[in-house]
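Below is protein-v7.txt, holding compact mmCIF, C-alpha atoms.
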```txt
# COMPACT_ATOMS: atom_id res chain seq x y z
CA MET A 156 34.65 -49.41 -5.27
CA ALA A 157 31.32 -47.74 -4.53
CA LYS A 158 31.17 -46.01 -1.18
CA GLN A 159 28.89 -47.93 1.20
CA ILE A 160 26.74 -45.84 3.52
CA SER A 161 24.62 -47.29 6.29
CA ARG A 162 20.97 -46.28 6.52
CA ARG A 163 21.61 -44.54 9.84
CA GLY A 164 24.68 -42.76 8.48
CA PHE A 165 22.78 -41.68 5.37
CA LEU A 166 19.94 -40.17 7.32
CA LYS A 167 22.22 -38.49 9.84
CA THR A 168 24.39 -36.90 7.15
CA ALA A 169 21.69 -36.06 4.63
CA GLY A 170 19.25 -34.70 7.17
CA VAL A 171 16.35 -35.87 5.03
CA VAL A 172 14.30 -37.40 7.83
CA GLY A 173 13.80 -36.08 11.33
CA VAL A 174 15.44 -32.76 10.55
CA THR A 175 15.84 -30.36 13.41
CA ALA A 176 12.51 -28.77 14.19
CA ALA A 177 12.32 -25.03 13.75
CA ILE A 178 9.55 -23.77 15.97
CA TYR A 179 8.27 -20.41 14.77
CA ARG A 180 5.10 -20.22 16.80
CA ASN A 181 4.55 -21.99 20.11
CA ALA A 182 1.03 -20.83 20.92
CA TRP A 183 -0.85 -22.98 18.43
CA GLY A 184 -3.39 -25.39 19.86
CA ALA A 185 -3.77 -28.87 18.44
CA ASN A 186 -7.02 -27.98 16.67
CA GLU A 187 -6.12 -24.50 15.38
CA LYS A 188 -5.93 -23.67 11.70
CA LEU A 189 -3.71 -21.43 9.65
CA ASN A 190 -5.55 -18.35 8.36
CA HIS A 191 -4.26 -18.20 4.81
CA ALA A 192 -4.61 -15.89 1.79
CA CYS A 193 -3.96 -16.84 -1.84
CA ILE A 194 -2.51 -14.13 -4.08
CA GLY A 195 -3.15 -15.52 -7.55
CA VAL A 196 -5.78 -18.24 -8.01
CA GLY A 197 -5.84 -18.63 -11.81
CA GLY A 198 -3.48 -19.42 -14.66
CA MET A 199 -1.28 -22.47 -14.92
CA MET A 200 -0.26 -22.66 -11.24
CA GLY A 201 -2.64 -20.35 -9.36
CA GLY A 202 -5.54 -22.77 -9.44
CA HIS A 203 -3.33 -25.67 -8.39
CA ASP A 204 -1.78 -23.81 -5.47
CA PHE A 205 -5.18 -22.52 -4.33
CA GLY A 206 -6.75 -25.97 -4.51
CA THR A 207 -3.92 -27.65 -2.62
CA PHE A 208 -4.06 -25.17 0.25
CA LEU A 209 -7.86 -25.16 0.29
CA GLY A 210 -7.98 -28.95 0.51
CA TYR A 211 -5.75 -29.20 3.58
CA PRO A 212 -7.83 -29.45 6.79
CA LYS A 213 -5.34 -27.34 8.73
CA VAL A 214 -5.98 -24.32 6.47
CA GLN A 215 -8.73 -21.73 6.83
CA MET A 216 -8.94 -19.91 3.50
CA ALA A 217 -9.46 -16.36 4.75
CA ALA A 218 -8.94 -14.34 1.56
CA ILE A 219 -8.22 -14.77 -2.13
CA CYS A 220 -6.96 -12.39 -4.80
CA ASP A 221 -6.65 -12.35 -8.56
CA VAL A 222 -6.54 -9.58 -11.16
CA ASP A 223 -8.84 -11.74 -13.33
CA LYS A 224 -12.35 -11.60 -11.90
CA GLY A 225 -13.27 -14.78 -13.73
CA SER A 226 -10.57 -16.73 -11.90
CA LEU A 227 -11.44 -14.95 -8.66
CA ASP A 228 -15.13 -15.84 -8.87
CA ALA A 229 -14.35 -19.46 -9.76
CA ALA A 230 -12.11 -19.78 -6.70
CA GLY A 231 -14.67 -17.95 -4.57
CA ALA A 232 -17.30 -20.54 -5.47
CA LYS A 233 -15.06 -23.17 -3.84
CA ALA A 234 -13.94 -21.08 -0.87
CA LYS A 235 -17.25 -19.49 0.00
CA ASP A 236 -16.05 -17.89 3.25
CA ALA A 237 -12.96 -16.28 1.70
CA ARG A 238 -13.02 -12.54 1.18
CA LYS A 239 -12.24 -11.57 -2.43
CA TYR A 240 -9.86 -8.94 -3.82
CA GLN A 241 -8.49 -8.00 -7.24
CA ASP A 242 -5.58 -5.98 -5.79
CA TRP A 243 -3.17 -7.81 -3.46
CA ARG A 244 -2.17 -4.48 -1.89
CA GLU A 245 -5.75 -3.99 -0.71
CA LEU A 246 -5.83 -7.55 0.57
CA LEU A 247 -2.72 -7.04 2.71
CA ALA A 248 -3.96 -3.68 3.97
CA LYS A 249 -7.37 -4.99 5.02
CA GLU A 250 -6.44 -8.54 6.06
CA GLY A 251 -3.15 -7.83 7.78
CA ASP A 252 -4.50 -8.57 11.26
CA LYS A 253 -6.65 -11.50 10.11
CA ILE A 254 -4.21 -13.73 8.22
CA ASP A 255 -1.11 -15.67 9.17
CA SER A 256 0.27 -16.56 5.74
CA VAL A 257 0.05 -15.99 1.99
CA ASN A 258 1.08 -17.74 -1.16
CA VAL A 259 2.31 -15.67 -4.11
CA THR A 260 1.38 -17.34 -7.40
CA ILE A 261 1.46 -14.53 -9.95
CA PRO A 262 3.79 -13.70 -12.88
CA ASP A 263 7.51 -13.52 -12.02
CA HIS A 264 7.81 -9.75 -12.40
CA MET A 265 5.43 -9.26 -9.44
CA HIS A 266 6.87 -11.82 -7.01
CA ALA A 267 9.21 -9.45 -5.20
CA ALA A 268 6.63 -6.69 -4.76
CA ALA A 269 4.00 -8.93 -3.16
CA THR A 270 6.43 -11.13 -1.22
CA LEU A 271 8.37 -8.24 0.31
CA ALA A 272 5.13 -6.53 1.32
CA ALA A 273 3.93 -9.71 3.06
CA LEU A 274 7.28 -10.24 4.78
CA LYS A 275 7.20 -6.67 6.03
CA LEU A 276 3.95 -7.58 7.77
CA LYS A 277 5.68 -10.70 9.16
CA LYS A 278 3.43 -13.10 7.28
CA HIS A 279 4.62 -16.59 6.41
CA VAL A 280 5.13 -16.79 2.62
CA TYR A 281 4.95 -19.58 0.05
CA CYS A 282 6.22 -18.11 -3.25
CA GLN A 283 6.28 -19.85 -6.59
CA LYS A 284 9.59 -20.37 -8.35
CA PRO A 285 11.84 -18.80 -9.54
CA LEU A 286 11.33 -16.59 -6.44
CA CYS A 287 11.95 -13.31 -8.31
CA HIS A 288 12.46 -11.75 -11.72
CA ASP A 289 15.80 -10.06 -10.96
CA VAL A 290 19.00 -11.00 -9.16
CA ALA A 291 18.76 -8.02 -6.78
CA GLU A 292 15.18 -8.99 -5.91
CA CYS A 293 16.24 -12.53 -4.98
CA ARG A 294 18.85 -11.14 -2.62
CA ALA A 295 16.38 -8.70 -1.05
CA VAL A 296 13.67 -11.34 -0.52
CA ALA A 297 16.06 -13.84 1.11
CA SER A 298 17.37 -11.09 3.39
CA ALA A 299 13.88 -9.87 4.30
CA ALA A 300 12.72 -13.40 5.11
CA LYS A 301 15.62 -13.92 7.48
CA LYS A 302 14.93 -10.57 9.16
CA ALA A 303 11.21 -11.29 9.53
CA GLY A 304 11.87 -14.67 11.13
CA VAL A 305 8.85 -16.26 9.47
CA VAL A 306 8.28 -19.55 7.66
CA THR A 307 8.97 -19.49 3.92
CA GLN A 308 8.83 -22.03 1.11
CA LEU A 309 9.80 -21.76 -2.56
CA GLY A 310 7.38 -23.49 -4.94
CA THR A 311 9.74 -26.30 -5.94
CA GLN A 312 7.09 -28.89 -5.19
CA VAL A 313 9.14 -31.94 -6.19
CA ALA A 314 11.87 -30.94 -3.72
CA SER A 315 9.74 -32.55 -1.02
CA SER A 316 9.40 -35.82 -2.94
CA ASN A 317 11.16 -38.95 -1.78
CA GLY A 318 13.12 -39.08 -5.04
CA ASP A 319 14.64 -35.62 -4.76
CA ARG A 320 15.39 -36.05 -1.07
CA LEU A 321 17.07 -39.40 -1.73
CA ALA A 322 19.24 -37.75 -4.42
CA VAL A 323 20.20 -35.02 -1.93
CA GLY A 324 21.31 -37.75 0.45
CA PHE A 325 23.40 -39.51 -2.19
CA LEU A 326 25.23 -36.26 -2.98
CA LYS A 327 25.70 -35.26 0.65
CA THR A 328 27.14 -38.63 1.60
CA GLY A 329 29.46 -38.88 -1.40
CA VAL A 330 28.09 -42.14 -2.78
CA VAL A 331 29.57 -41.41 -6.24
CA GLY A 332 32.67 -39.69 -4.89
CA LYS A 333 33.51 -36.02 -5.22
CA ILE A 334 31.48 -34.22 -7.87
CA LYS A 335 33.34 -32.78 -10.87
CA ARG A 336 30.58 -31.69 -13.21
CA VAL A 337 26.79 -31.42 -13.26
CA LEU A 338 24.49 -31.47 -16.29
CA LEU A 339 21.01 -29.92 -16.00
CA CYS A 340 18.56 -30.31 -18.85
CA SER A 341 14.94 -29.51 -19.66
CA ASN A 342 13.62 -30.39 -23.09
CA ARG A 343 10.05 -31.28 -22.14
CA SER A 344 7.69 -32.25 -24.95
CA GLY A 345 5.17 -29.51 -25.60
CA ALA A 346 7.31 -26.76 -24.09
CA GLU A 347 7.58 -25.06 -27.48
CA GLN A 348 4.21 -23.40 -26.97
CA TYR A 349 5.71 -21.38 -24.10
CA ARG A 350 8.67 -20.21 -26.18
CA LEU A 351 7.18 -17.48 -28.29
CA LEU A 352 8.94 -16.26 -31.43
CA GLY A 353 9.16 -12.68 -32.60
CA PRO A 354 8.90 -9.16 -31.15
CA ARG A 355 5.81 -7.82 -29.44
CA PRO A 356 2.85 -7.26 -31.80
CA ALA A 357 2.09 -3.75 -33.02
CA LYS A 358 -1.66 -4.21 -32.53
CA SER A 359 -3.71 -3.97 -29.36
CA ASP A 360 -6.99 -5.51 -28.26
CA ALA A 361 -9.69 -4.35 -25.92
CA VAL A 362 -8.97 -5.34 -22.33
CA PRO A 363 -11.50 -7.98 -21.19
CA ALA A 364 -14.00 -6.59 -18.70
CA ASN A 365 -12.97 -9.18 -16.10
CA LEU A 366 -9.22 -8.27 -16.20
CA ALA A 367 -7.57 -5.44 -14.27
CA TRP A 368 -4.81 -4.93 -16.83
CA ASP A 369 -2.96 -2.15 -15.00
CA LEU A 370 -2.75 -4.34 -11.90
CA TRP A 371 -1.52 -7.25 -14.03
CA LEU A 372 1.25 -5.05 -15.50
CA GLY A 373 2.25 -3.86 -12.05
CA THR A 374 6.00 -3.11 -11.95
CA ALA A 375 6.51 -3.78 -15.68
CA PRO A 376 6.55 -1.10 -18.41
CA GLU A 377 3.15 -0.04 -19.66
CA ARG A 378 2.00 -1.72 -22.85
CA PRO A 379 -1.34 -2.45 -24.54
CA PHE A 380 -3.21 -5.68 -23.95
CA VAL A 381 -3.14 -8.30 -26.73
CA ASN A 382 -5.24 -11.45 -26.67
CA GLY A 383 -3.47 -14.76 -26.10
CA ILE A 384 0.14 -13.71 -25.65
CA TYR A 385 0.49 -12.33 -22.12
CA HIS A 386 -2.29 -13.31 -19.74
CA THR A 387 -2.56 -16.12 -18.62
CA VAL A 388 0.45 -18.27 -19.63
CA LYS A 389 2.69 -16.89 -22.36
CA TRP A 390 3.95 -14.03 -20.21
CA ARG A 391 6.85 -16.36 -19.38
CA CYS A 392 8.30 -15.79 -22.86
CA TRP A 393 8.68 -12.03 -22.44
CA LEU A 394 11.66 -10.28 -20.84
CA ASP A 395 9.44 -7.83 -18.95
CA PHE A 396 7.33 -10.48 -17.24
CA GLY A 397 9.03 -13.88 -17.18
CA THR A 398 12.49 -15.36 -16.80
CA GLY A 399 12.59 -17.70 -19.80
CA TRP A 400 12.71 -21.48 -19.74
CA SER A 401 15.81 -21.75 -17.56
CA GLY A 402 14.34 -19.35 -15.02
CA ASP A 403 10.98 -21.10 -15.01
CA ILE A 404 12.16 -24.71 -14.72
CA GLY A 405 15.72 -24.24 -13.46
CA CYS A 406 14.81 -24.19 -9.75
CA HIS A 407 13.16 -27.61 -10.09
CA ILE A 408 16.12 -29.27 -11.81
CA PHE A 409 18.85 -27.53 -9.80
CA ASP A 410 17.32 -27.94 -6.33
CA ALA A 411 18.63 -31.37 -5.26
CA VAL A 412 22.09 -30.58 -6.63
CA TRP A 413 22.23 -27.27 -4.76
CA LYS A 414 21.27 -28.85 -1.47
CA GLY A 415 23.28 -32.02 -1.94
CA LEU A 416 26.50 -30.22 -2.74
CA GLY A 417 26.02 -27.27 -0.37
CA LEU A 418 26.79 -24.76 -3.11
CA THR A 419 27.40 -21.07 -2.61
CA ALA A 420 27.51 -18.18 -5.09
CA PRO A 421 29.18 -18.96 -8.45
CA LYS A 422 32.47 -17.42 -9.56
CA THR A 423 31.55 -16.98 -13.22
CA VAL A 424 28.73 -17.65 -15.65
CA ILE A 425 28.57 -17.69 -19.46
CA ALA A 426 25.79 -18.55 -21.91
CA GLU A 427 25.39 -19.47 -25.54
CA VAL A 428 22.01 -19.11 -27.23
CA GLN A 429 20.39 -19.89 -30.56
CA LYS A 430 21.97 -17.83 -33.33
CA SER A 431 18.65 -16.62 -34.81
CA TRP A 432 17.76 -14.93 -31.50
CA GLN A 433 21.26 -13.54 -30.99
CA ASP A 434 21.22 -11.99 -34.47
CA SER A 435 17.79 -10.34 -34.06
CA PRO A 436 17.82 -7.00 -32.14
CA GLN A 437 14.01 -6.98 -32.09
CA ARG A 438 13.69 -10.41 -30.50
CA ARG A 439 16.50 -9.70 -28.03
CA ALA A 440 14.66 -6.57 -26.93
CA ASP A 441 11.43 -8.44 -26.14
CA ASN A 442 11.67 -12.23 -25.87
CA TRP A 443 13.77 -14.89 -24.23
CA PRO A 444 15.55 -17.20 -26.67
CA GLN A 445 14.13 -20.63 -27.37
CA SER A 446 17.45 -22.43 -26.73
CA ASN A 447 20.11 -21.88 -24.08
CA HIS A 448 23.33 -23.41 -22.76
CA ILE A 449 24.48 -21.82 -19.50
CA THR A 450 27.73 -22.69 -17.70
CA TRP A 451 28.43 -21.70 -14.10
CA ILE A 452 31.70 -22.29 -12.26
CA PHE A 453 31.10 -22.76 -8.53
CA PRO A 454 33.80 -22.73 -5.87
CA GLY A 455 34.70 -26.19 -4.66
CA ASN A 456 34.07 -27.62 -1.21
CA GLU A 457 34.51 -30.94 0.59
CA LYS A 458 31.88 -32.59 -1.67
CA THR A 459 33.47 -31.56 -4.99
CA ASP A 460 36.65 -32.32 -6.88
CA GLY A 461 37.86 -28.72 -6.94
CA ASP A 462 35.72 -26.03 -8.56
CA VAL A 463 32.63 -27.60 -10.07
CA GLN A 464 31.21 -26.85 -13.52
CA ILE A 465 27.42 -26.87 -13.73
CA GLU A 466 25.69 -26.58 -17.11
CA TRP A 467 22.12 -26.02 -18.23
CA PHE A 468 20.79 -27.22 -21.61
CA ASP A 469 17.44 -26.57 -23.30
CA GLY A 470 15.96 -26.24 -26.78
CA GLU A 471 18.54 -27.14 -29.44
CA PHE A 472 21.28 -27.66 -26.83
CA HIS A 473 21.72 -31.16 -25.40
CA PRO A 474 24.00 -32.78 -22.80
CA PRO A 475 27.36 -34.05 -24.09
CA GLU A 476 28.47 -37.56 -25.02
CA GLU A 477 29.99 -38.06 -21.57
CA PHE A 478 26.50 -38.78 -20.23
CA HIS A 479 25.79 -41.56 -22.72
CA LYS A 480 29.17 -43.21 -22.16
CA MET A 481 28.68 -43.40 -18.40
CA THR A 482 25.04 -44.51 -18.37
CA GLY A 483 24.69 -46.51 -21.57
CA LEU A 484 21.42 -44.68 -22.21
CA GLU A 485 20.75 -43.58 -25.77
CA LYS A 486 18.64 -40.60 -24.79
CA TYR A 487 18.88 -38.11 -21.94
CA PRO A 488 15.63 -37.80 -19.95
CA GLU A 489 13.48 -34.85 -20.98
CA GLU A 490 14.17 -33.12 -17.66
CA ALA A 491 16.94 -34.24 -15.31
CA SER A 492 20.12 -33.49 -13.46
CA PHE A 493 23.20 -35.69 -13.81
CA SER A 494 25.96 -35.23 -11.23
CA ILE A 495 29.28 -36.72 -12.35
CA GLY A 496 31.63 -37.76 -9.57
CA THR A 497 35.02 -39.39 -9.25
CA GLU A 498 33.34 -42.78 -8.64
CA GLY A 499 30.25 -42.56 -10.83
CA GLY A 500 27.13 -40.48 -11.46
CA VAL A 501 23.71 -39.66 -9.98
CA LEU A 502 20.91 -39.25 -12.51
CA LEU A 503 17.76 -37.57 -11.20
CA PRO A 504 14.93 -37.31 -13.75
CA HIS A 505 12.38 -34.66 -12.76
CA GLN A 506 9.54 -36.16 -10.69
CA CYS A 507 11.31 -39.53 -10.47
CA GLY A 508 13.79 -41.21 -8.17
CA PRO A 509 17.57 -41.16 -8.68
CA SER A 510 19.67 -43.83 -10.43
CA LEU A 511 23.37 -44.49 -9.82
CA TYR A 512 25.78 -45.20 -12.69
CA PRO A 513 27.50 -47.38 -13.75
CA LYS A 514 24.67 -49.55 -12.47
CA GLU A 515 26.75 -52.65 -11.82
CA LYS A 516 29.06 -50.69 -9.54
CA PHE A 517 26.26 -49.59 -7.20
CA VAL A 518 24.26 -52.78 -6.81
CA GLY A 519 23.19 -53.04 -3.18
CA THR A 520 23.69 -49.35 -2.35
CA PRO A 521 21.29 -48.55 0.54
CA ARG A 522 18.14 -46.65 -0.39
CA PRO A 523 16.53 -45.56 2.88
CA GLN A 524 12.76 -45.46 2.97
CA LEU A 525 11.73 -41.86 3.42
CA LYS A 526 8.43 -40.63 4.76
CA GLY A 527 6.25 -39.05 2.09
CA ARG A 528 5.75 -35.32 2.26
CA ASN A 529 3.49 -32.75 0.56
CA HIS A 530 5.39 -29.53 -0.15
CA TYR A 531 2.39 -27.27 0.53
CA HIS A 532 1.23 -29.10 3.63
CA HIS A 533 4.78 -29.14 4.98
CA PHE A 534 4.74 -25.33 4.73
CA VAL A 535 1.45 -25.16 6.62
CA ASP A 536 2.71 -27.55 9.29
CA ALA A 537 5.85 -25.44 9.73
CA CYS A 538 3.73 -22.32 10.14
CA LEU A 539 1.83 -24.13 12.88
CA GLY A 540 5.04 -24.94 14.73
CA GLY A 541 6.32 -28.01 12.87
CA GLU A 542 9.72 -28.80 11.41
CA LYS A 543 11.52 -26.42 9.08
CA THR A 544 10.43 -26.30 5.45
CA GLU A 545 12.26 -28.08 2.66
CA SER A 546 12.91 -25.00 0.50
CA HIS A 547 13.00 -21.98 2.81
CA PHE A 548 14.22 -18.72 1.26
CA GLU A 549 17.41 -18.53 3.27
CA GLN A 550 18.50 -21.74 1.54
CA THR A 551 16.87 -21.48 -1.88
CA GLY A 552 17.17 -17.70 -2.29
CA PRO A 553 20.88 -17.95 -3.19
CA MET A 554 20.07 -20.79 -5.62
CA ALA A 555 17.39 -18.68 -7.30
CA GLU A 556 19.88 -15.81 -7.42
CA ALA A 557 22.40 -18.00 -9.27
CA ILE A 558 19.74 -19.20 -11.72
CA ILE A 559 18.55 -15.67 -12.47
CA LEU A 560 22.18 -14.64 -12.86
CA GLY A 561 22.19 -17.23 -15.65
CA THR A 562 19.37 -15.33 -17.37
CA VAL A 563 21.56 -12.21 -17.25
CA ALA A 564 24.26 -14.20 -19.05
CA ILE A 565 21.67 -15.26 -21.64
CA ARG A 566 21.08 -11.59 -22.47
CA CYS A 567 24.83 -11.04 -22.90
CA PRO A 568 25.69 -14.22 -24.83
CA GLY A 569 29.31 -15.30 -25.19
CA GLN A 570 30.60 -13.07 -22.38
CA LYS A 571 32.04 -14.77 -19.32
CA LEU A 572 30.61 -12.75 -16.45
CA GLU A 573 32.60 -12.47 -13.24
CA TRP A 574 30.31 -12.49 -10.22
CA ASP A 575 31.11 -10.36 -7.19
CA ALA A 576 28.42 -11.82 -4.93
CA ALA A 577 29.41 -9.84 -1.84
CA ASN A 578 28.79 -6.55 -3.62
CA LEU A 579 26.06 -7.76 -5.99
CA LYS A 580 28.03 -6.67 -9.04
CA ILE A 581 29.38 -7.93 -12.36
CA PRO A 582 32.63 -5.92 -12.46
CA ASN A 583 33.82 -6.98 -15.93
CA CYS A 584 30.65 -6.22 -17.92
CA PRO A 585 28.71 -2.96 -17.38
CA GLU A 586 26.01 -4.12 -19.80
CA ALA A 587 25.27 -7.19 -17.69
CA ASP A 588 25.61 -5.30 -14.42
CA LYS A 589 22.68 -3.08 -15.43
CA LEU A 590 20.48 -6.17 -15.80
CA LEU A 591 20.77 -7.18 -12.14
CA ARG A 592 17.85 -4.91 -11.25
CA ARG A 593 15.02 -3.21 -13.17
CA ASN A 594 13.63 0.28 -13.25
CA TYR A 595 10.08 -0.08 -11.96
CA ARG A 596 7.07 1.62 -13.49
CA SER A 597 5.96 4.84 -11.81
CA GLY A 598 3.74 4.08 -8.83
CA TRP A 599 5.08 0.53 -8.51
CA THR A 600 8.54 1.08 -7.04
CA VAL A 601 9.84 -1.82 -4.95
CA GLU A 602 12.25 -0.96 -2.14
CA LEU A 603 15.08 -3.50 -2.24
```

Mind turning this structure into structure tokens?
Amino acid sequence: MAKQISRRGFLKTAGVVGVTAAIYRNAWGANEKLNHACIGVGGMMGGHDFGTFLGYPKVQMAAICDVDKGSLDAAGAKAKDARKYQDWRELLAKEGDKIDSVNVTIPDHMHAAATLAALKLKKHVYCQKPLCHDVAECRAVASAAKKAGVVTQLGTQVASSNGDRLAVGFLKTGVVGKIKRVLLCSNRSGAEQYRLLGPRPAKSDAVPANLAWDLWLGTAPERPFVNGIYHTVKWRCWLDFGTGWSGDIGCHIFDAVWKGLGLTAPKTVIAEVQKSWQDSPQRRADNWPQSNHITWIFPGNEKTDGDVQIEWFDGEFHPPEEFHKMTGLEKYPEEASFSIGTEGGVLLPHQCGPSLYPKEKFVGTPRPQLKGRNHYHHFVDACLGGEKTESHFEQTGPMAEAIILGTVAIRCPGQKLEWDAANLKIPNCPEADKLLRRNYRSGWTVEL
């Protein structure tokens, strides 16, 4: 029989409405604004993040930064009072006493450098997913955020939606029993364009006059500019800059499961990848594979049926038949999580609300009405003394760490990696252990 949860009990247990307020600053007046700086205002997400912050009345856009002067000037035309920079280091040095917060919306390989620098100055930080490029960076950023005592928010925008928060509540309250297995999948139409084939090109092109290429490279190894394959979007496909499809989208799909089950560091992780990538030394040296299946084993807790197996599927890998048998659906949603419990399952398609299966078993299950929330505005409100953010680094940092650990497994396919979280080590695989942190380019060292 499906577990019946009252609306009051759901909200009390899930903590999805009226969560305990975390007051970071008490001196704000009712009419004061947050002095904010955007680091990254172009590309696929930079313009969106900039526009969302700019459009919130509680934000004063004090400064903006982008290595691409074209993107910088376009943003400057909208935020006419914002001071403009191409180098985020200069922005922090000159604006340190004038700003309260920053958002970091730049390629993954530069997240840790900019975020840690802002945290050191005790600035509130909104950082786009997947938080960092490397496992060690994720750990360092989460630790630095806790030490700084500031407001933080990971850019998992849908985590603040009513659908994701409702799914968190279902998992926390055990509506489908104790969870045994979780399937995570992202096979979005059109994603192929972000999964580049082949090694880096031998040619080089002239760097556009508007682009500060050395600043764009930042911590990554030096390489020549080539039109159309790095800046502004396809950097995600390259080992040096991005974290592959699972790193890019994984935080979105994993988020509700992580929160709902109260997961901690995994015990092991293993990955299988497309054979053509695995058999190509050139591609393995440069690109992420176009298809992945990652399996983590997480230690059990009171919400799980023993240790819980969580799997990620993308590209040519698809969720198993077990999903179709339980739901009766012929096709798995393009992007979704499916949590399989002892009493049924919770399906959460990305950007949609959750469904409970088998459907007939959960007819009448309470679905509390949650107050709508904007992920960006919630961050601003928290900075101004409001309730704690939905995806603060102390909570989502360990999730990002587990996801990026999965990308380490991708680069060592077929090897079950044992994870010593306390010591930040993979004791059974020296090859994988070396991938937990990068060697930074001279002049761009990041202190972790």

Counting all atoms listed in the file, the residue of A:Gly527, A:Gly197, A:Gly202, A:Pro285 that sits nearest Ser546 in chain A: A:Pro285

Close residues, range 448-463 of chain A itself excluded, 9 Å, only C-alpha atoms, min 4 positions apart in chain, as a ChimeraX atom specification: /A:326-329,332-337,401,415-428,467-470,472-473,496-497,557,561-562,564-565

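With all atoms listed in the file as the basis for measurement, A:Trp371 is the residue among A:Trp443, A:Tyr512, A:Trp390, A:Trp371 that approaches Trp599 in chain A most closely.
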
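Between CA of Ser431 in chain A and CA of Val563 in chain A the interatomic distance comes to 18.3 Å.
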
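The shortest atom-to-atom distance to Ala357 in chain A, with all atoms listed in the file taken into account, belongs to A:Val381 out of A:Cys340, A:Val412, A:Leu591, A:Val381.
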